[in-house]
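Enquirer: Sharing final15.csv here; it has CSV, C-alpha atoms and all ligand atoms.
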chain,number,residue,atom,x,y,z
Z,1,MET,CA,110.9,128.2,105.0
Z,2,PRO,CA,114.0,126.4,106.3
Z,3,TYR,CA,113.9,122.8,105.7
Z,4,LYS,CA,112.5,120.7,108.5
Z,5,LYS,CA,113.6,117.8,110.6
Z,6,GLY,CA,112.1,114.6,112.1
Z,7,ASP,CA,109.4,116.0,114.5
Z,8,ASP,CA,107.9,118.2,111.8
Z,9,LEU,CA,108.0,115.3,109.3
Z,10,ARG,CA,106.2,113.1,111.8
Z,11,LYS,CA,103.4,115.7,112.0
Z,12,VAL,CA,103.2,115.9,108.2
Z,13,TYR,CA,102.8,112.2,107.8
Z,14,GLN,CA,100.4,111.8,110.7
Z,15,LYS,CA,98.1,114.4,109.2
Z,16,ALA,CA,98.3,112.7,105.8
Z,17,LYS,CA,97.6,109.3,107.3
Z,18,SER,CA,94.6,110.5,109.4
Z,19,GLU,CA,93.2,112.5,106.4
Z,20,ASN,CA,93.8,109.8,103.8
Z,21,TYR,CA,96.4,111.4,101.5
Z,22,GLY,CA,100.0,110.6,100.8
Z,23,PHE,CA,103.3,112.1,99.8
Z,24,ILE,CA,105.6,111.5,96.9
Z,25,ALA,CA,109.2,111.0,98.2
Z,26,SER,CA,111.3,112.2,95.3
Z,27,ASN,CA,114.9,111.1,94.7
Z,28,ILE,CA,117.5,113.7,93.8
Z,29,ALA,CA,121.1,113.5,92.9
Z,30,GLU,CA,121.8,117.0,91.6
Z,31,PRO,CA,120.1,120.5,91.8
Z,32,ASN,CA,118.0,120.6,88.7
Z,33,ILE,CA,115.5,118.0,89.8
Z,34,LEU,CA,115.5,119.6,93.3
Z,35,ILE,CA,114.7,123.0,91.9
Z,36,GLY,CA,111.9,121.6,89.7
Z,37,LEU,CA,110.5,119.8,92.8
Z,38,LEU,CA,110.5,122.9,94.9
Z,39,GLU,CA,108.8,125.0,92.1
Z,40,GLY,CA,106.1,122.4,91.4
Z,41,SER,CA,105.4,121.6,95.1
Z,42,ASP,CA,105.2,125.3,96.0
Z,43,ARG,CA,102.9,125.9,93.1
Z,44,LYS,CA,100.6,123.2,94.5
Z,45,ASN,CA,101.0,124.2,98.1
Z,46,SER,CA,102.3,120.8,99.0
Z,47,ASP,CA,105.1,120.0,101.4
Z,48,LEU,CA,108.0,118.3,99.8
Z,49,VAL,CA,109.9,115.1,100.7
Z,50,THR,CA,113.1,114.7,98.8
Z,51,GLN,CA,115.5,111.8,99.2
Z,52,LEU,CA,119.1,110.9,98.6
Z,53,SER,CA,120.4,107.4,98.2
Z,54,SER,CA,124.0,106.7,99.2
Z,55,SER,CA,125.1,106.3,95.6
Z,56,ALA,CA,123.4,109.6,94.8
Z,57,ALA,CA,125.2,111.2,97.7
Z,58,GLU,CA,128.5,109.8,96.4
Z,59,PHE,CA,127.6,111.2,92.9
Z,60,ALA,CA,126.8,114.6,94.3
Z,61,GLY,CA,130.0,114.6,96.3
Z,62,GLY,CA,132.2,113.7,93.3
Z,63,GLY,CA,132.9,110.3,94.9
Z,64,ASP,CA,132.6,111.4,98.5
Z,65,PRO,CA,129.1,110.6,99.9
Z,66,VAL,CA,129.6,112.7,103.1
Z,67,ALA,CA,130.6,115.7,100.9
Z,68,GLY,CA,127.6,115.0,98.7
Z,69,LEU,CA,125.2,114.9,101.7
Z,70,LYS,CA,126.6,118.2,103.0
Z,71,ALA,CA,126.4,119.8,99.5
Z,72,ILE,CA,122.8,118.7,98.8
Z,73,GLY,CA,121.8,119.5,102.4
Z,74,THR,CA,123.1,123.0,102.0
Z,75,TYR,CA,121.4,123.4,98.7
Z,76,ILE,CA,118.1,122.3,100.2
Z,77,GLU,CA,118.5,124.4,103.3
Z,78,THR,CA,119.4,127.6,101.3
Z,79,LEU,CA,116.9,127.3,98.5
Z,80,SER,CA,113.9,126.1,100.7
Z,81,GLN,CA,114.0,129.5,102.4
Z,82,ASN,CA,112.6,131.0,99.2
Z,83,TYR,CA,109.5,128.8,99.3
Z,84,ASP,CA,106.5,128.7,101.7
Z,85,ILE,CA,106.3,125.0,102.1
Z,86,GLY,CA,108.0,122.4,104.4
Z,87,VAL,CA,110.9,120.7,102.8
Z,88,PHE,CA,112.3,117.4,104.1
Z,89,LEU,CA,115.3,115.1,103.2
Z,90,ASN,CA,115.2,111.4,103.6
Z,91,MET,CA,118.3,109.2,103.2
Z,92,ASP,CA,117.2,106.4,101.0
Z,93,HIS,CA,118.2,102.7,101.2
Z,94,LEU,CA,121.1,103.1,103.6
Z,95,LYS,CA,122.6,99.6,104.0
Z,96,PRO,CA,123.9,97.9,107.2
Z,97,GLU,CA,127.2,97.3,105.4
Z,98,ASN,CA,127.6,101.1,105.4
Z,99,MET,CA,127.2,101.8,109.1
Z,100,ASP,CA,129.9,104.4,109.1
Z,101,PHE,CA,128.1,106.5,106.6
Z,102,ILE,CA,124.8,106.0,108.6
Z,103,GLU,CA,126.5,107.2,111.8
Z,104,LYS,CA,127.9,110.2,110.0
Z,105,CYS,CA,124.5,111.1,108.5
Z,106,ILE,CA,123.1,111.0,112.1
Z,107,GLU,CA,126.0,112.9,113.6
Z,108,LEU,CA,125.7,115.7,111.0
Z,109,GLY,CA,121.9,115.9,111.7
Z,110,ILE,CA,121.3,116.9,108.1
Z,111,PRO,CA,118.5,114.4,107.1
Z,112,SER,CA,114.9,114.6,108.4
Z,113,SER,CA,114.7,110.8,108.2
Z,114,ILE,CA,116.9,107.9,107.3
Z,115,MET,CA,115.8,104.6,105.8
Z,116,ILE,CA,117.8,101.6,107.1
Z,117,ASP,CA,117.4,98.9,104.5
Z,118,ALA,CA,118.3,95.6,106.2
Z,119,SER,CA,115.5,93.8,104.3
Z,120,LYS,CA,118.0,91.3,102.8
Z,121,LYS,CA,119.0,90.2,106.3
Z,122,SER,CA,117.1,87.6,108.4
Z,123,PHE,CA,114.0,88.8,110.3
Z,124,GLU,CA,115.9,88.9,113.6
Z,125,GLU,CA,118.9,90.7,112.1
Z,126,ASN,CA,116.7,93.2,110.3
Z,127,ILE,CA,115.0,94.0,113.7
Z,128,GLU,CA,118.4,94.3,115.5
Z,129,ILE,CA,120.0,96.5,112.8
Z,130,SER,CA,116.9,98.8,112.4
Z,131,LYS,CA,116.6,99.1,116.2
Z,132,LYS,CA,120.3,99.9,116.5
Z,133,VAL,CA,120.0,102.8,114.0
Z,134,LYS,CA,117.1,104.1,116.0
Z,135,GLU,CA,119.1,103.9,119.2
Z,136,ILE,CA,122.1,105.8,117.6
Z,137,VAL,CA,119.7,108.6,116.7
Z,138,LYS,CA,118.5,108.7,120.3
Z,139,GLU,CA,122.0,108.5,121.8
Z,140,LYS,CA,123.2,111.4,119.7
Z,141,GLY,CA,120.0,113.4,120.5
Z,142,LYS,CA,119.1,113.9,116.9
Z,143,ASN,CA,115.7,114.8,115.4
Z,144,ILE,CA,115.6,112.1,112.7
Z,145,LEU,CA,112.9,109.6,111.9
Z,146,ILE,CA,113.8,106.0,111.0
Z,147,GLU,CA,112.2,104.1,108.1
Z,148,ALA,CA,112.8,100.4,108.1
Z,149,GLU,CA,111.8,97.8,105.5
Z,150,LEU,CA,110.1,94.4,105.9
Z,151,GLY,CA,109.6,92.3,102.8
Z,152,LYS,CA,111.6,92.5,99.6
Z,153,ILE,CA,111.1,94.8,96.7
Z,154,LYS,CA,112.0,93.4,93.2
Z,155,GLY,CA,114.5,95.2,91.2
Z,156,VAL,CA,117.3,96.4,93.5
Z,157,GLU,CA,116.5,93.3,95.7
Z,158,ASN,CA,116.1,91.1,92.7
Z,159,ASP,CA,117.9,88.1,94.1
Z,160,VAL,CA,114.8,87.0,95.8
Z,161,GLN,CA,113.7,83.6,94.6
Z,162,SER,CA,110.3,82.8,96.2
Z,163,SER,CA,107.3,85.0,95.4
Z,164,GLU,CA,105.9,84.0,98.8
Z,165,ALA,CA,108.9,85.6,100.6
Z,166,PHE,CA,108.5,88.7,98.5
Z,167,TYR,CA,105.4,90.1,100.2
Z,168,THR,CA,105.3,91.5,103.7
Z,169,ASP,CA,103.6,89.3,106.3
Z,170,PRO,CA,101.1,91.3,108.4
Z,171,GLU,CA,101.8,89.4,111.7
Z,172,GLU,CA,105.5,89.8,111.3
Z,173,ALA,CA,105.0,93.5,110.6
Z,174,VAL,CA,103.6,94.0,114.1
Z,175,GLU,CA,106.5,92.2,115.8
Z,176,PHE,CA,108.9,94.0,113.6
Z,177,ALA,CA,107.5,97.5,114.3
Z,178,LYS,CA,107.1,96.8,118.0
Z,179,ARG,CA,110.7,95.6,118.5
Z,180,SER,CA,112.5,97.9,116.0
Z,181,LYS,CA,110.5,100.9,117.1
Z,182,CYS,CA,110.8,102.2,113.5
Z,183,ASP,CA,108.9,105.5,112.8
Z,184,LEU,CA,107.9,104.4,109.2
Z,185,LEU,CA,107.6,100.9,107.7
Z,186,ALA,CA,108.3,100.1,104.1
Z,187,ILE,CA,106.3,97.1,103.0
Z,188,SER,CA,106.3,94.9,100.0
Z,189,ILE,CA,103.0,94.6,98.1
Z,190,GLY,CA,104.2,93.9,94.6
Z,191,THR,CA,105.8,97.1,93.4
Z,192,GLN,CA,109.2,97.0,91.7
Z,193,HIS,CA,112.2,99.3,91.5
Z,194,GLY,CA,113.0,100.6,88.1
Z,195,VAL,CA,110.9,100.7,84.9
Z,196,SER,CA,107.6,99.0,85.7
Z,197,LYS,CA,104.1,99.3,84.4
Z,198,GLY,CA,101.5,99.5,87.2
Z,199,ARG,CA,98.9,97.8,85.1
Z,200,ASN,CA,101.2,94.7,84.7
Z,201,ILE,CA,102.3,94.3,88.3
Z,202,GLU,CA,100.6,92.0,90.8
Z,203,LEU,CA,99.7,94.6,93.3
Z,204,ARG,CA,98.3,93.4,96.6
Z,205,PRO,CA,96.6,96.3,98.3
Z,206,ASP,CA,95.0,93.7,100.7
Z,207,ILE,CA,98.4,93.2,102.3
Z,208,ALA,CA,98.8,96.9,103.0
Z,209,ARG,CA,95.2,96.8,104.4
Z,210,ASP,CA,96.1,93.8,106.7
Z,211,VAL,CA,99.4,95.3,107.8
Z,212,ASP,CA,97.8,98.6,108.7
Z,213,LYS,CA,94.9,96.9,110.5
Z,214,LYS,CA,97.2,94.6,112.5
Z,215,LEU,CA,99.5,97.5,113.4
Z,216,MET,CA,96.6,99.7,114.5
Z,217,GLU,CA,95.1,96.9,116.6
Z,218,ASN,CA,98.4,97.0,118.4
Z,219,ASP,CA,98.4,100.8,118.8
Z,220,ILE,CA,101.1,101.2,116.3
Z,221,ASP,CA,99.9,104.1,114.1
Z,222,ILE,CA,102.9,104.6,111.7
Z,223,PRO,CA,103.0,105.6,108.1
Z,224,LEU,CA,103.6,102.8,105.6
Z,225,VAL,CA,105.9,103.3,102.7
Z,226,LEU,CA,105.9,102.0,99.1
Z,227,HIS,CA,109.2,101.7,97.3
Z,228,GLY,CA,109.2,101.2,93.5
Z,229,SER,CA,106.2,103.5,93.0
Z,230,SER,CA,107.2,105.1,89.7
Z,231,GLY,CA,105.0,102.9,87.6
Z,232,LEU,CA,101.9,103.0,89.8
Z,233,LEU,CA,98.7,104.2,88.2
Z,234,PRO,CA,96.9,107.1,90.1
Z,235,GLU,CA,94.0,104.8,90.9
Z,236,GLN,CA,96.5,102.2,92.5
Z,237,GLU,CA,98.0,105.0,94.6
Z,238,LYS,CA,94.5,106.2,95.7
Z,239,GLU,CA,93.5,102.7,96.7
Z,240,VAL,CA,96.6,102.0,98.9
Z,241,ILE,CA,96.4,105.4,100.6
Z,242,LYS,CA,93.2,104.1,102.2
Z,243,TYR,CA,95.3,101.4,103.7
Z,244,GLY,CA,97.9,103.5,105.4
Z,245,ILE,CA,100.4,104.1,102.7
Z,246,CYS,CA,101.7,107.7,103.2
Z,247,LYS,CA,105.0,107.7,101.3
Z,248,PHE,CA,105.4,106.7,97.6
Z,249,ASN,CA,109.1,106.6,96.5
Z,250,LYS,CA,109.7,107.7,93.0
Z,251,ASP,CA,113.1,108.0,91.3
Z,252,THR,CA,112.9,106.3,87.9
Z,253,ARG,CA,110.0,108.6,86.9
Z,254,TYR,CA,112.2,111.7,87.2
Z,255,GLN,CA,115.2,110.0,85.7
Z,256,TYR,CA,113.1,109.3,82.6
Z,257,GLU,CA,111.6,112.8,82.5
Z,258,TYR,CA,115.1,114.2,82.8
Z,259,ALA,CA,116.5,112.1,79.9
Z,260,ARG,CA,113.5,112.5,77.8
Z,261,THR,CA,113.4,116.3,78.1
Z,262,ALA,CA,117.1,116.6,77.3
Z,263,SER,CA,116.8,114.1,74.4
Z,264,ASP,CA,113.8,116.0,72.9
Z,265,TYR,CA,115.6,119.3,73.3
Z,266,TYR,CA,118.9,118.2,71.7
Z,267,LYS,CA,117.1,116.4,68.9
Z,268,LYS,CA,115.2,119.6,68.1
Z,269,HIS,CA,118.3,121.7,68.2
Z,270,THR,CA,120.8,119.2,66.8
Z,271,ASP,CA,121.8,121.6,64.0
Z,272,SER,CA,122.9,124.1,66.6
Z,273,ILE,CA,125.2,121.5,68.2
Z,274,HIS,CA,126.4,119.1,65.5
Z,275,PRO,CA,128.0,120.4,62.3
Z,276,PRO,CA,126.2,119.5,59.1
Z,277,GLU,CA,127.5,116.8,56.7
Z,278,GLY,CA,130.6,117.8,55.0
Z,279,VAL,CA,131.8,120.2,57.8
Z,280,GLU,CA,134.7,118.9,59.8
Z,281,ASP,CA,133.6,117.9,63.3
Z,282,ASP,CA,136.3,119.9,65.1
Z,283,ARG,CA,135.1,120.4,68.7
Z,284,ALA,CA,137.7,123.0,69.5
Z,285,GLY,CA,137.1,124.7,66.2
Z,286,PHE,CA,134.7,127.5,67.0
Z,287,PHE,CA,136.9,129.7,65.0
Z,288,SER,CA,137.7,127.1,62.2
Z,289,ASP,CA,137.5,128.2,58.7
Z,290,THR,CA,133.9,127.2,57.9
Z,291,ASP,CA,130.6,129.1,57.8
Z,292,TRP,CA,128.9,126.9,60.4
Z,293,SER,CA,129.2,127.6,64.1
Z,294,PRO,CA,127.5,126.0,67.1
Z,295,ASN,CA,124.8,128.1,68.7
Z,296,LYS,CA,125.4,129.0,72.4
Z,297,SER,CA,121.8,129.7,73.0
Z,298,HIS,CA,121.1,126.0,72.6
Z,299,PHE,CA,124.2,124.4,74.0
Z,300,ASP,CA,124.5,126.4,77.2
Z,301,PRO,CA,123.7,123.7,79.8
Z,302,ARG,CA,121.5,126.1,81.6
Z,303,VAL,CA,119.1,126.1,78.7
Z,304,VAL,CA,118.4,122.3,78.7
Z,305,SER,CA,118.5,122.3,82.6
Z,306,GLY,CA,115.9,125.0,82.6
Z,307,GLU,CA,113.6,122.8,80.4
Z,308,ILE,CA,114.2,119.9,82.8
Z,309,ARG,CA,113.3,122.0,85.8
Z,310,VAL,CA,110.1,123.1,84.2
Z,311,ARG,CA,109.2,119.6,83.3
Z,312,ILE,CA,110.0,118.2,86.7
Z,313,ALA,CA,107.9,121.0,88.3
Z,314,ASP,CA,104.9,120.0,86.1
Z,315,VAL,CA,105.4,116.3,87.0
Z,316,ILE,CA,105.5,116.8,90.8
Z,317,ALA,CA,102.6,119.2,90.6
Z,318,GLU,CA,100.5,116.6,88.9
Z,319,LEU,CA,101.7,113.9,91.3
Z,320,THR,CA,100.7,116.0,94.3
Z,321,GLU,CA,97.2,116.0,92.9
Z,322,HIS,CA,97.2,112.2,92.5
Z,323,VAL,CA,98.2,111.5,96.1
Z,324,GLY,CA,96.3,114.4,97.6
Z,325,SER,CA,99.1,116.4,99.2
Z,326,ALA,CA,98.2,119.4,97.0
Z,327,ASN,CA,96.8,122.3,99.1
Z,328,LYS,CA,97.7,120.5,102.4
Z,329,SER,CA,101.0,122.2,103.3
Z,330,LEU,CA,101.4,122.6,107.1
Z,331,TYR,CA,103.5,125.7,106.6
Z,332,LYS,CA,101.9,127.9,104.0
Z,401,LIG,O1,115.3,102.6,95.3
Z,401,LIG,C1,116.4,102.9,94.7
Z,401,LIG,C2,116.5,104.3,94.3
Z,401,LIG,O2,116.1,104.4,93.0
Z,401,LIG,C3,118.0,104.7,94.4
Z,401,LIG,O3,118.7,104.3,93.4
Z,401,LIG,O4,120.9,103.8,94.4
Z,401,LIG,O5,120.7,104.2,91.9
Z,401,LIG,O6,120.5,106.1,93.5
Z,401,LIG,P1,120.3,104.6,93.3
Z,402,LIG,P1,111.3,103.7,91.4
Z,402,LIG,O1,112.4,102.9,90.8
Z,402,LIG,O2,110.0,103.0,91.1
Z,402,LIG,O3,111.3,105.1,91.1
Z,402,LIG,O4,111.5,103.5,93.0
Z,402,LIG,C1,112.3,104.4,93.7
Z,402,LIG,C2,112.5,104.0,95.1
Z,402,LIG,O5,111.9,103.1,95.6
Z,402,LIG,C3,113.5,104.8,95.8
Z,402,LIG,O6,113.6,104.3,97.1
Z,403,ZN,ZN,113.4,102.1,97.1
Would you write the structure of this file as structure tokens?
Ligand code: G3H
Ligand code: 13P
Ligand code: ZN
Expert:
Amino acid sequence: MPYKKGDDLRKVYQKAKSENYGFIASNIAEPNILIGLLEGSDRKNSDLVTQLSSSAAEFAGGGDPVAGLKAIGTYIETLSQNYDIGVFLNMDHLKPENMDFIEKCIELGIPSSIMIDASKKSFEENIEISKKVKEIVKEKGKNILIEAELGKIKGVENDVQSSEAFYTDPEEAVEFAKRSKCDLLAISIGTQHGVSKGRNIELRPDIARDVDKKLMENDIDIPLVLHGSSGLLPEQEKEVIKYGICKFNKDTRYQYEYARTASDYYKKHTDSIHPPEGVEDDRAGFFSDTDWSPNKSHFDPRVVSGEIRVRIADVIAELTEHVGSANKSLYK
């Protein structure tokens, strides 16, 4: 199934919102996590939302974010044809300071959706910037949804001083959505980017409920987005899905699984990679005059990457059950 663009993604979210389930939006920066996500989502018959931040695009492109977007886009487009699910790409946290990159993303038409994150700007500026990005998509005739953010999420946006300003205001959300015409709205209800423990955060599902209620009263039926979702407990996810949250952003969870899987693997096979005590640690010395040699069946990067892919597949498979996107693919 070739990967899909904005109109299809809108249908995927609309169905999820009306039937009370959600999607995990999974950050990627390289192919191993992507392949794990494809495997696990396909196994569970769930459509897949991947996302790429500008710094991940830069990483994937060896310092050139546009090259990174093209490379990851090609990877997704090519590999998704081997799976029977819908696959989408969101550009995550694109900042107004980076408008050239945003315009390039739109012009190339690679993403299914773009998040414009002007949440650090004033309310008025945030509206103007988000609206502008939406207008550029229209002007260029591209099939791309726009996610905007109102409220501030701790972690990346950890310069926020007042906890009052931290949560999204439901009345403001209506004005914001009306005027910006965003297709998805990221709100702040207490989650945090990075390592966070769901049980310790001050989650305010009532804010999601009030935002969704006010929006719906104004005929604005758009999916709500939760950033910083890695640490959420399944029961917290289930609760906020009832209140219009359709997209749960997770990055840190996969980063940890990646590192943990590699760390466990290399710890287990350290004797195949590091020379024992007393043997000279000569990295170029495969042919050195000792009995010990490293074991290629453990240091070939494809071996540890394979373990990572399997683990990521299991993780997303479980997550699709938590948020209810399992067995709901629109394309299978
Ligand atoms: O929400 C932030 C995402 O985890 C992206 O992080 O900019 O380090 O790729 P990054
Ligand atoms: P986490 O740090 O909780 O994984 O959040 C990721 C995110 O919000 C990406 O936009
Ligand atoms: Zn985020």
Enquirer: Using all atoms listed in the file, which residue out of Z:Tyr243, Z:Phe299, Z:Tyr331, Z:Phe23 lies closest to Asp271 of chain Z?
Expert: Z:Phe299
Enquirer: At a cut-off of 6 Å and counting all atoms listed in the file, what residues surround ligand LIG 401 (chain Z)? Please answer as a VMD selection string.
Expert: chain Z and resid 53 55 to 56 193 251
Enquirer: With distances taken over all atoms listed in the file, which of Z:Gly244, Z:Pro276, Z:Pro96, Z:Gly190 is nearest to Asn126 of chain Z?
Expert: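 Distance minimum relative to Asn126 of chain Z lands on Z:Pro96.
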Enquirer: For Asn295 of chain Z, find every residue with an atom within 7 Å (counting all atoms listed in the file), except residues of its own chain fewer than 3 positions away, and show them as a list in words.
Expert: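 Near neighbours after the sequence-gap exclusion: Ser272, Ile273, His298 and Phe299 of chain Z.
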Enquirer: Counting only C-alpha atoms, which of Z:Val174, Z:Ile312, Z:Ile116, Z:Val225 gets nearest to Phe101 of chain Z?
Expert: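 The closest residue to Phe101 of chain Z is Z:Ile116.
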Enquirer: Which protein, DNA or RNA residues have an atom at most 6 Å from (113.0, 92.1, 100.1), counting only C-alpha atoms? List them as a ChimeraX atom specification.
Expert: /Z:119-120,151-153,157,166
Enquirer: Keeping only C-alpha atoms, write the selected residues to a file as a PDB file, in the frame of the given file.
Expert:
ATOM      1  CA  SER Z 119     115.500  93.800 104.300  1.00  0.00           C
ATOM      2  CA  LYS Z 120     118.000  91.300 102.800  1.00  0.00           C
ATOM      3  CA  GLY Z 151     109.600  92.300 102.800  1.00  0.00           C
ATOM      4  CA  LYS Z 152     111.600  92.500  99.600  1.00  0.00           C
ATOM      5  CA  ILE Z 153     111.100  94.800  96.700  1.00  0.00           C
ATOM      6  CA  GLU Z 157     116.500  93.300  95.700  1.00  0.00           C
ATOM      7  CA  PHE Z 166     108.500  88.700  98.500  1.00  0.00           C
TER       8      PHE Z 166
END
Enquirer: Got a sec: who's within 7 Å of Gly231 of chain Z, counting all atoms listed in the file, leaving out chain neighbours fewer than 4 positions off, as a compact mmCIF listing (two decimals) with C-alpha atoms, in the frame of the given file?
Expert:
# COMPACT_ATOMS: atom_id res chain seq x y z
CA VAL Z 195 110.90 100.70 84.90
CA SER Z 196 107.60 99.00 85.70
CA LYS Z 197 104.10 99.30 84.40
CA GLY Z 198 101.50 99.50 87.20
Enquirer: Could you please extract the residues within 9 Å of ligand LIG 402 (chain Z), counting all atoms listed in the file, and hand them back as a PyMOL selection string?
Expert: chain Z and resi 25-27+51-53+92-93+115+153+155-156+191-196+226-232+248-255
Enquirer: Nearest to ligand ZN 403 (chain Z) among Z:Ser188, Z:Ser113, Z:Thr261, Z:Ser180, with distances taken over only C-alpha atoms and all ligand atoms: which residue is it?
Expert: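 Of all the options, Z:Ser188 lies closest to ligand ZN 403 (chain Z).
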Enquirer: How far is it from atom CA of Gln14 of chain Z to atom CA of Glu149 of chain Z, in Å with one decimal?
Expert: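 That distance, rounded to one decimal, is 18.8 Å.
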Enquirer: Calculate how many Å separate atom CA of Gly141 of chain Z from atom CA of Ile114 of chain Z, rounding to one decimal.
Expert: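 Those two atoms sit 14.6 Å apart.
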Enquirer: Which polymer residues have any atom within 10 Å of an atom of Lys121 of chain Z, counting only C-alpha atoms, with same-chain residues fewer than 6 positions away left out, as a list in words?
Expert: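 What passes the distance filter is Pro96, Ile127, Ile129 and Leu150 of chain Z.
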Enquirer: Please, could you write that set of residues out with C-alpha atoms as a PDB file, keeping the file's coordinate frame?
Expert:
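To be explicit, this is the file written out as selection-v2.pdb:
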ATOM      1  CA  PRO Z  96     123.900  97.900 107.200  1.00  0.00           C
ATOM      2  CA  ILE Z 127     115.000  94.000 113.700  1.00  0.00           C
ATOM      3  CA  ILE Z 129     120.000  96.500 112.800  1.00  0.00           C
ATOM      4  CA  LEU Z 150     110.100  94.400 105.900  1.00  0.00           C
TER       5      LEU Z 150
END
Enquirer: Compare Z:Val279, Z:Val323, Z:Ala29, Z:Ile220 by their minimum atom-to-atom distance to Trp292 of chain Z, counting only C-alpha atoms, and give me the closest one.
Expert: Z:Val279
Enquirer: Residues near segment 318-320 of chain Z, anyone? I mean within 9 Å using all atoms listed in the file, not counting same-chain ones fewer than 2 positions away, as a list in words.
Expert: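 After dropping sequence-adjacent residues, the list is Gly22, Phe23, Ile24, Gly40, Ser41, Lys44, Ser46, Pro234, Ala313, Asp314, Val315, Ile316, His322, Val323, Gly324, Ser325, Ala326 and Asn327 of chain Z.
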Enquirer: Could you pull the residues within 10 Å of Pro111 of chain Z, counting all atoms listed in the file, minus those fewer than 4 positions along the same chain, as a PyMOL selection string?
Expert: chain Z and resi 3-6+50-52+69-70+73+88-91+105-106+142-145
Enquirer: Go ahead and save the residues from that selection, with C-alpha atoms, as an mmCIF file, in the coordinates of the input.
Expert:
data_model
loop_
_atom_site.group_PDB
_atom_site.id
_atom_site.type_symbol
_atom_site.label_atom_id
_atom_site.label_comp_id
_atom_site.auth_asym_id
_atom_site.auth_seq_id
_atom_site.Cartn_x
_atom_site.Cartn_y
_atom_site.Cartn_z
ATOM 1 C CA TYR Z 3 113.900 122.800 105.700
ATOM 2 C CA LYS Z 4 112.500 120.700 108.500
ATOM 3 C CA LYS Z 5 113.600 117.800 110.600
ATOM 4 C CA GLY Z 6 112.100 114.600 112.100
ATOM 5 C CA THR Z 50 113.100 114.700 98.800
ATOM 6 C CA GLN Z 51 115.500 111.800 99.200
ATOM 7 C CA LEU Z 52 119.100 110.900 98.600
ATOM 8 C CA LEU Z 69 125.200 114.900 101.700
ATOM 9 C CA LYS Z 70 126.600 118.200 103.000
ATOM 10 C CA GLY Z 73 121.800 119.500 102.400
ATOM 11 C CA PHE Z 88 112.300 117.400 104.100
ATOM 12 C CA LEU Z 89 115.300 115.100 103.200
ATOM 13 C CA ASN Z 90 115.200 111.400 103.600
ATOM 14 C CA MET Z 91 118.300 109.200 103.200
ATOM 15 C CA CYS Z 105 124.500 111.100 108.500
ATOM 16 C CA ILE Z 106 123.100 111.000 112.100
ATOM 17 C CA LYS Z 142 119.100 113.900 116.900
ATOM 18 C CA ASN Z 143 115.700 114.800 115.400
ATOM 19 C CA ILE Z 144 115.600 112.100 112.700
ATOM 20 C CA LEU Z 145 112.900 109.600 111.900
#
Enquirer: Which residue is closest to ligand ZN 403 (chain Z)? Choose from Z:Ala57, Z:Leu330, Z:Leu94, Z:Ala16 and count only C-alpha atoms and all ligand atoms.
Expert: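 Nearest to ligand ZN 403 (chain Z): Z:Leu94.
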Enquirer: To one decimal place, how far is atom CA of Ala71 of chain Z from atom CA of Ile110 of chain Z in Å?
Expert: 10.4 Å
Enquirer: Every residue with an atom at most 7 Å from (98.7, 97.5, 96.9) (file coordinates; only C-alpha atoms) is what I'm after, so could you write them as a short mmCIF file (atom, residue, chain, number, x, y, z; two decimals) with C-alpha atoms, keeping the file's coordinate frame?
Expert:
data_model
loop_
_atom_site.label_atom_id
_atom_site.label_comp_id
_atom_site.auth_asym_id
_atom_site.auth_seq_id
_atom_site.Cartn_x
_atom_site.Cartn_y
_atom_site.Cartn_z
CA ILE Z 189 103.00 94.60 98.10
CA GLY Z 190 104.20 93.90 94.60
CA LEU Z 203 99.70 94.60 93.30
CA ARG Z 204 98.30 93.40 96.60
CA PRO Z 205 96.60 96.30 98.30
CA ASP Z 206 95.00 93.70 100.70
CA ILE Z 207 98.40 93.20 102.30
CA ALA Z 208 98.80 96.90 103.00
CA GLN Z 236 96.50 102.20 92.50
CA VAL Z 240 96.60 102.00 98.90
#
